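First up is the structure itself, then whatever we jot down about it.
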Protein chains: 2
Amino acid sequence: MITWKNLDKLTSYQELTKTDRVDLTKVMTGENGADRVKNYSVPMADGLVYNYAAKQVDENVLEALEKLAGEAELAKKFEALYNGEVINTGENRLVLHHMTRGQLGEAVTADGVDKRTFYVEQQQRIADFANKVHAGEITNAAGEKFTTVVQIGIGGSDLGPRAMYLALENWAKKNGTFKMEAKFISNVDPDDAAAVLDSIDVAHSIFVLVSKSGTTLETLTNESFVKDALKNAGLDASKHMIAVTSETSPLAKSDDYLAAFFMDDYIGGRFSSTSAVGGAVLSLAFGPEVFAQFLDGAAEEDKLSMNADVRKNPEMLDALIGVYERNVLGYPSTAVLPYSQALSRFPAHLQQLDMESNGKSVNRFGEPVDYPTGPVIFGEPGTNGQHSFYQLLHQGTDIVPLQFVGFKNNQMGVDVVIQDSTSQQKLCANVAAQIVAFACGKADENRNKNFEGGRPSSIIIGESVSPKTLGALLAHFENKIMFQGFLWTVNSFDQEGVQLGKVLAKRVLAHETDGALKVFSDLLNI
Amino acid sequence: MITWKNLDKLTSYQELTKTDRVDLTKVMTGENGADRVKNYSVPMADGLVYNYAAKQVDENVLEALEKLAGEAELAKKFEALYNGEVINTGENRLVLHHMTRGQLGEAVTADGVDKRTFYVEQQQRIADFANKVHAGEITNAAGEKFTTVVQIGIGGSDLGPRAMYLALENWAKKNGTFKMEAKFISNVDPDDAAAVLDSIDVAHSIFVLVSKSGTTLETLTNESFVKDALKNAGLDASKHMIAVTSETSPLAKSDDYLAAFFMDDYIGGRFSSTSAVGGAVLSLAFGPEVFAQFLDGAAEEDKLSMNADVRKNPEMLDALIGVYERNVLGYPSTAVLPYSQALSRFPAHLQQLDMESNGKSVNRFGEPVDYPTGPVIFGEPGTNGQHSFYQLLHQGTDIVPLQFVGFKNNQMGVDVVIQDSTSQQKLCANVAAQIVAFACGKADENRNKNFEGGRPSSIIIGESVSPKTLGALLAHFENKIMFQGFLWTVNSFDQEGVQLGKVLAKRVLAHETDGALKVFSDLLNI
């Protein structure tokens, strides 16, 4: 039996608050700093390492975090989750996204079927479909091959798959597995769909409609937009569309689609990149083998997350340090800074993953919590961010903890030597330099040029952004966020906070408003 | 003579801290809420309005803010700035970006020339050049028209122009002024340049190299990358490149470029969208008339910023409310949420504009300040954000002030009716609903479904995203940030915080490292 206690009720948390603060400028200087970089490092899947040398921790803090992990039963809670307990209590649901990429524990039966078998079947059905599309066995009505895939979805049906597509697009082109271009339509702003439709050849495009419930208003609206465009082009829409949905949704058995692939209620939208939600578009774009490698990377990382030894579990450690920064050190936001153009939209995906999961004020029993939960998450790829918001990160009045990601090699293998170094070396030199600049600072008599330092960061280092690496990276953050939800005792798998806006928007459209809402509606000409 | 005092030394600031807090859930309900929406509204340029009904202010707070504006001499400081005082004291420079779009006050002479004349001349030279490119008078060596323009720049030479291009791309296509596609290369990650080069027809591309100093490492590296590509294609690079730089830079009189257009040291990178930095790429993409309209919108808004009456000055009011939220109410971040797909990268530009300008810990005299300065800024377009991080905004433990932007009409004029409303109506209904949901909340016995409300937001409402509207919107935020810098007594126009990273990166590339930096360099294979 696992027990759930609010963070501030744990003895180990109270002890953690009493540990001495670490002076980063001091410990990261000289040989001590070098030793920390060597020692404060945990292997991840696929050759990645999580290095936390520049985080505000030392042996004292780490021991306190280990105790906290034990008392909070983090490993046991993860075990309960992957063995099929109803962890999403608010919606009375299991939480099974790990099972889309592997079987971590016992077989889990739900809805009368073995869930691992179900997810594997869906992956296989998608692979068969994608192979047939690539082979020209499934074509448009004129018997011509599809050349573009367009995902229609919003939130988790958009941000994750889009970030993963961008991360692997150039890798696939370089490695000869690029099958077709992918585009994404998400916003209910009609200009989004109109611009995407203007940019493609609709006669050779296949559309993936993604909605678990089959009732997401934005997505159904954009589907109609697309159907109009197909009709106007004299095409039969049902020959150009597939659905990714739950088996119980109205889309599941509709003749409007060439095929329907299934997810279920145990996969939250923001955790659905490894399910059919990511599977369909990524398999069509890059081939099913690439998607399978992506799943392998995630599965390998998931296994590391099972380790009860904090120092060998990168996700648990990252989660604990994050909670220490948020609750003990009082830092309100966190920046994610991948030094890779391929990961340009990875921070936007993590922003949803983190803020929608842990941006909660009540615990899993519906009681208000007395401590801060999920932080604000933001980020842009480096080196671009250096020329944007790093000024505040270095010299602003608030401290913002940082999560760097860096790779030894680029994806496309083209480079240029300027001033005796390649672009890739410059990229890597910058991320190394930033970590030390943030941690150690630099005194200057001119206070305007003074850097106080003491600004904590971690870095994940890998060889290059490949499908497997990307899967491991995604699983790292998914599991980190899950562990933080356990520590804060919140339900990381519902999102009741998005409901009120939907209700009021419907009221506006029905013209059933009064007071401020009516005047705003008038101002906006609704 | 203007006087500079730290915010916490102003009597009116101390009075402001003592005003009663406004209960938004209360004042925004019923007829009182409706009255606030009608009254708390300021006209902006080009038919825009700034509405602050859902901000945590009332007559008491507003009066205190008016006093603060007076004591802090905001209007006088702006006057000093546009009349050519050395406001950027750290770098001993004037601050003249307003003059790229109009003459607000006295003639300003610097470097021996009238600066307004100088900026107008550059704009005219760019217009002539762009018209010749469009007319086929300036072509590639084979006498063929250029079809693509590629901007090479980073930070302010990238984010602003890119956001503006995306904002107007579909408008220009719809309105028949679209001349050529624009692409952007910024990151030193070689995959950025490689991917852009793979996506274009280099033989028909013209490249705009943007670097004020002519020494930005990322930009020069990417220039070499592009020159290699041109050479490999058997092309003469000097027939495909123009430069935007200062007259004193090594690029200014080089034979490597078809032409050079000039900015100067009085235009900070992040404030350079209305200078040649934005002018070259936007005039080539959309025609010089469209760029001129963009400048007109900014100039019109600048004039409103001159008003010493806070209630009639949208920028000053927005700035004051932001400082009240940051320093008195203690909110650490702000989200920018445009309900328009065209503004998809506008928040990324504002992130630089705001965080690089006001993320400072010392005042303009180099003395540490005892209060928080610039907040963390982040955002994504609505409705996408609703399905991402709004959960935290509604129900998280921290309050995040919001800045909405919404438009009555979309740009492309294509729409679809689903469930009795158009997509555009749904988009507008959502933003209206969100404002009220955040402000008023909704009680629920199930605490998990409870919305506390009291979460403040403002909204700027306009007809549609046109060049003029966009200029006004940009000037609004530029001037808001300027006024906040005045209130915090920081120098909003330098960025010393970016220097240390550059110095250390050079050391890494020269292999002159020890300690932690050496080990990180080894881990990254540099």
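The way I read the labels, and the way they are meant: chains A, B, ... in the order of the structure tokens, residue 1 as the first residue of every chain, and ligand 1 as the first ligand shown, with later ones counted on from there.
Residues in contact with range 8-11 of chain B at up to 9 Å, not including ones fewer than 5 positions away on its chain and judged by only C-alpha atoms, are Leu16, Leu68, Glu71, Ala72, Val369, Asp370, Tyr371 and Trp488 of chain B.
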Select from range 92-192 of chain B every residue with an atom at most 12 Å from any atom of range 154-177 of chain A, then for each give the shortest pair of atoms and their distance in Å to one decimal, using only C-alpha atoms, rows by chain and rising number, as CSV.
residue,atom,partner,partner_atom,distance
B:Pro190,CA,A:Asn170,CA,11.7
B:Asp191,CA,A:Asn170,CA,8.0
B:Asp192,CA,A:Asn170,CA,9.9
Using only C-alpha atoms, the residue out of A:Val27, A:Leu427, A:Val226, A:Val133 with shortest distance to Met180 in chain A is A:Val133
- Task: Would you list the contacts of Gly454 in chain A as a PyMOL selection string, taking every protein, DNA or RNA residue within 6 Å and counting only C-alpha atoms, but skipping same-chain residues closer than 6 positions in sequence?
- Result: chain A and resi 24-25+439
Which residues are close to range 208-222 of chain A, i.e. within 6 Å by only C-alpha atoms, leaving aside same-chain residues fewer than 6 positions away? Reply as an NGL selection string.
:A and (151-153 or 188 or 241-246 or 249-251)
So that I can see what lies close to range 103-108 of chain A, please list as a ChimeraX atom specification the residues with an atom at most 12 Å from it, counting only C-alpha atoms and leaving out residues fewer than 5 positions away in the same chain. /A:76,78-86,94-98,113-120,266,295-296,298-307
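Running DSSP on the backbone gives strand (DSSP E) for these residues within range 152-283 of chain A: Ile152, Glu181, Ala182, Lys183, Phe184, Ile185, Ser205, Ile206, Phe207, Val208, Leu209, Val210, Met241, Ile242, Ala243, Val244, Thr245, Ser246, Ala259, Ala260, Phe261, Phe262 and Met263 of chain A.
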Would you pick out the contacts of range 509-521 of chain A at 10 Å or less, using only C-alpha atoms, so that residues sharing its chain but fewer than 6 positions from it are not included, and give the list as a tab-separated table (two decimals) with N, CA and C atoms, in the first residue's frame?
chain	number	residue	atom	x	y	z
B	27	VAL	N	-15.32	43.07	-8.27
B	27	VAL	CA	-15.58	44.25	-9.12
B	27	VAL	C	-15.93	43.88	-10.57
B	28	MET	N	-15.54	42.69	-10.99
B	28	MET	CA	-15.83	42.32	-12.38
B	28	MET	C	-17.18	41.60	-12.55
B	29	THR	N	-17.92	41.48	-11.47
B	29	THR	CA	-19.21	40.79	-11.52
B	29	THR	C	-20.35	41.79	-11.76
B	30	GLY	N	-21.38	41.35	-12.45
B	30	GLY	CA	-22.61	42.13	-12.62
B	30	GLY	C	-22.42	43.42	-13.38
B	31	GLU	N	-23.26	44.39	-13.08
B	31	GLU	CA	-23.25	45.66	-13.82
B	31	GLU	C	-21.95	46.43	-13.59
B	32	ASN	N	-21.40	46.28	-12.39
B	32	ASN	CA	-20.13	46.95	-12.11
B	32	ASN	C	-19.05	46.49	-13.09
B	33	GLY	N	-19.04	45.18	-13.35
B	33	GLY	CA	-18.09	44.62	-14.31
B	33	GLY	C	-18.31	45.20	-15.69
B	34	ALA	N	-19.59	45.26	-16.10
B	34	ALA	CA	-19.92	45.81	-17.42
B	34	ALA	C	-19.44	47.26	-17.52
B	35	ASP	N	-19.67	48.04	-16.44
B	35	ASP	CA	-19.23	49.44	-16.45
B	35	ASP	C	-17.71	49.54	-16.56
B	36	ARG	N	-17.02	48.69	-15.84
B	36	ARG	CA	-15.55	48.71	-15.93
B	36	ARG	C	-15.09	48.47	-17.37
B	37	VAL	N	-15.68	47.47	-18.03
B	37	VAL	CA	-15.25	47.17	-19.41
B	37	VAL	C	-15.49	48.39	-20.31
B	38	LYS	N	-16.62	49.09	-20.06
B	38	LYS	CA	-16.91	50.27	-20.88
B	38	LYS	C	-15.95	51.42	-20.58
B	51	ASN	N	-7.78	47.83	-23.19
B	51	ASN	CA	-8.81	47.69	-22.16
B	51	ASN	C	-8.21	47.04	-20.92
B	53	ALA	N	-9.99	46.71	-17.91
B	53	ALA	CA	-11.08	46.45	-16.95
B	53	ALA	C	-10.76	45.29	-16.02
B	54	ALA	N	-10.08	44.27	-16.56
B	54	ALA	CA	-9.84	43.07	-15.75
B	54	ALA	C	-8.47	43.10	-15.08
B	419	GLN	N	-21.64	24.53	-35.98
B	419	GLN	CA	-22.49	24.76	-34.81
B	419	GLN	C	-22.88	26.24	-34.72
B	420	ASP	N	-23.32	26.79	-35.84
B	420	ASP	CA	-23.89	28.15	-35.92
B	420	ASP	C	-22.92	29.30	-35.69
B	421	SER	N	-21.61	29.03	-35.69
B	421	SER	CA	-20.69	30.17	-35.58
B	421	SER	C	-19.47	29.93	-36.45
B	422	THR	N	-18.83	31.02	-36.86
B	422	THR	CA	-17.61	30.90	-37.66
B	422	THR	C	-16.42	30.61	-36.74
B	425	GLN	N	-15.52	33.79	-34.96
B	425	GLN	CA	-16.38	34.04	-33.79
B	425	GLN	C	-15.97	33.15	-32.62
B	426	LYS	N	-15.62	31.93	-32.92
B	426	LYS	CA	-15.18	31.04	-31.84
B	426	LYS	C	-13.89	31.58	-31.20
B	428	CYS	N	-12.85	34.69	-31.07
B	428	CYS	CA	-13.16	35.87	-30.26
B	428	CYS	C	-13.94	35.49	-29.00
B	429	ALA	N	-14.86	34.54	-29.13
B	429	ALA	CA	-15.63	34.11	-27.95
B	429	ALA	C	-14.68	33.54	-26.90
B	430	ASN	N	-13.66	32.84	-27.36
B	430	ASN	CA	-12.71	32.25	-26.41
B	430	ASN	C	-11.94	33.31	-25.65
B	431	VAL	N	-11.48	34.34	-26.32
B	431	VAL	CA	-10.68	35.33	-25.59
B	431	VAL	C	-11.57	36.12	-24.63
B	432	ALA	N	-12.79	36.45	-25.04
B	432	ALA	CA	-13.71	37.13	-24.12
B	432	ALA	C	-13.98	36.26	-22.90
B	433	ALA	N	-14.23	34.98	-23.16
B	433	ALA	CA	-14.53	34.04	-22.07
B	433	ALA	C	-13.35	33.91	-21.12
B	434	GLN	N	-12.16	33.85	-21.66
B	434	GLN	CA	-10.98	33.67	-20.80
B	434	GLN	C	-10.81	34.85	-19.84
B	435	ILE	N	-10.97	36.07	-20.35
B	435	ILE	CA	-10.79	37.25	-19.49
B	435	ILE	C	-11.69	37.15	-18.26
B	436	VAL	N	-12.96	36.82	-18.52
B	436	VAL	CA	-13.93	36.76	-17.43
B	436	VAL	C	-13.67	35.54	-16.53
B	437	ALA	N	-13.31	34.42	-17.14
B	437	ALA	CA	-12.99	33.23	-16.34
B	437	ALA	C	-11.82	33.52	-15.39
B	440	CYS	N	-13.12	36.38	-12.72
B	440	CYS	CA	-14.23	36.07	-11.80
B	440	CYS	C	-14.16	34.68	-11.21
B	459	ILE	N	-6.56	43.54	-22.34
B	459	ILE	CA	-6.66	43.12	-23.74
B	459	ILE	C	-6.54	44.32	-24.66
B	461	ILE	N	-7.67	45.30	-28.37
B	461	ILE	CA	-8.60	44.82	-29.39
B	461	ILE	C	-8.45	45.67	-30.65
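A straight line drawn from CA of Asn6 in chain A to CA of Arg455 in chain B is 25.3 Å long.
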With distances taken over only C-alpha atoms, the candidate from A:Asp494, A:Glu315, A:Glu380, A:Glu452 nearest Tyr52 in chain A is A:Glu315
Q) Please, which residues of range 149-280 of chain B, numbered as in this document, come out alpha helix (DSSP H) from DSSP, as a count of residues only? A) 47
Compile the contact shell of Val310 in chain B as a PyMOL selection string: residues with an atom at most 8 Å away, counting only C-alpha atoms, same-chain residues fewer than 4 positions apart removed. chain B and resi 66+69+314+316-317
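Reported to one decimal place, the separation of CA of Ala348 in chain A from CA of Gln124 in chain A is 29.1 Å.
Nearest to Asp318 in chain B of all the residues B:Asn479, B:Thr3, B:Thr147, B:Thr248 is B:Asn479, based on only C-alpha atoms.
Between CA of Phe477 in chain B and CA of Gly330 in chain A there is a distance of 29.1 Å.
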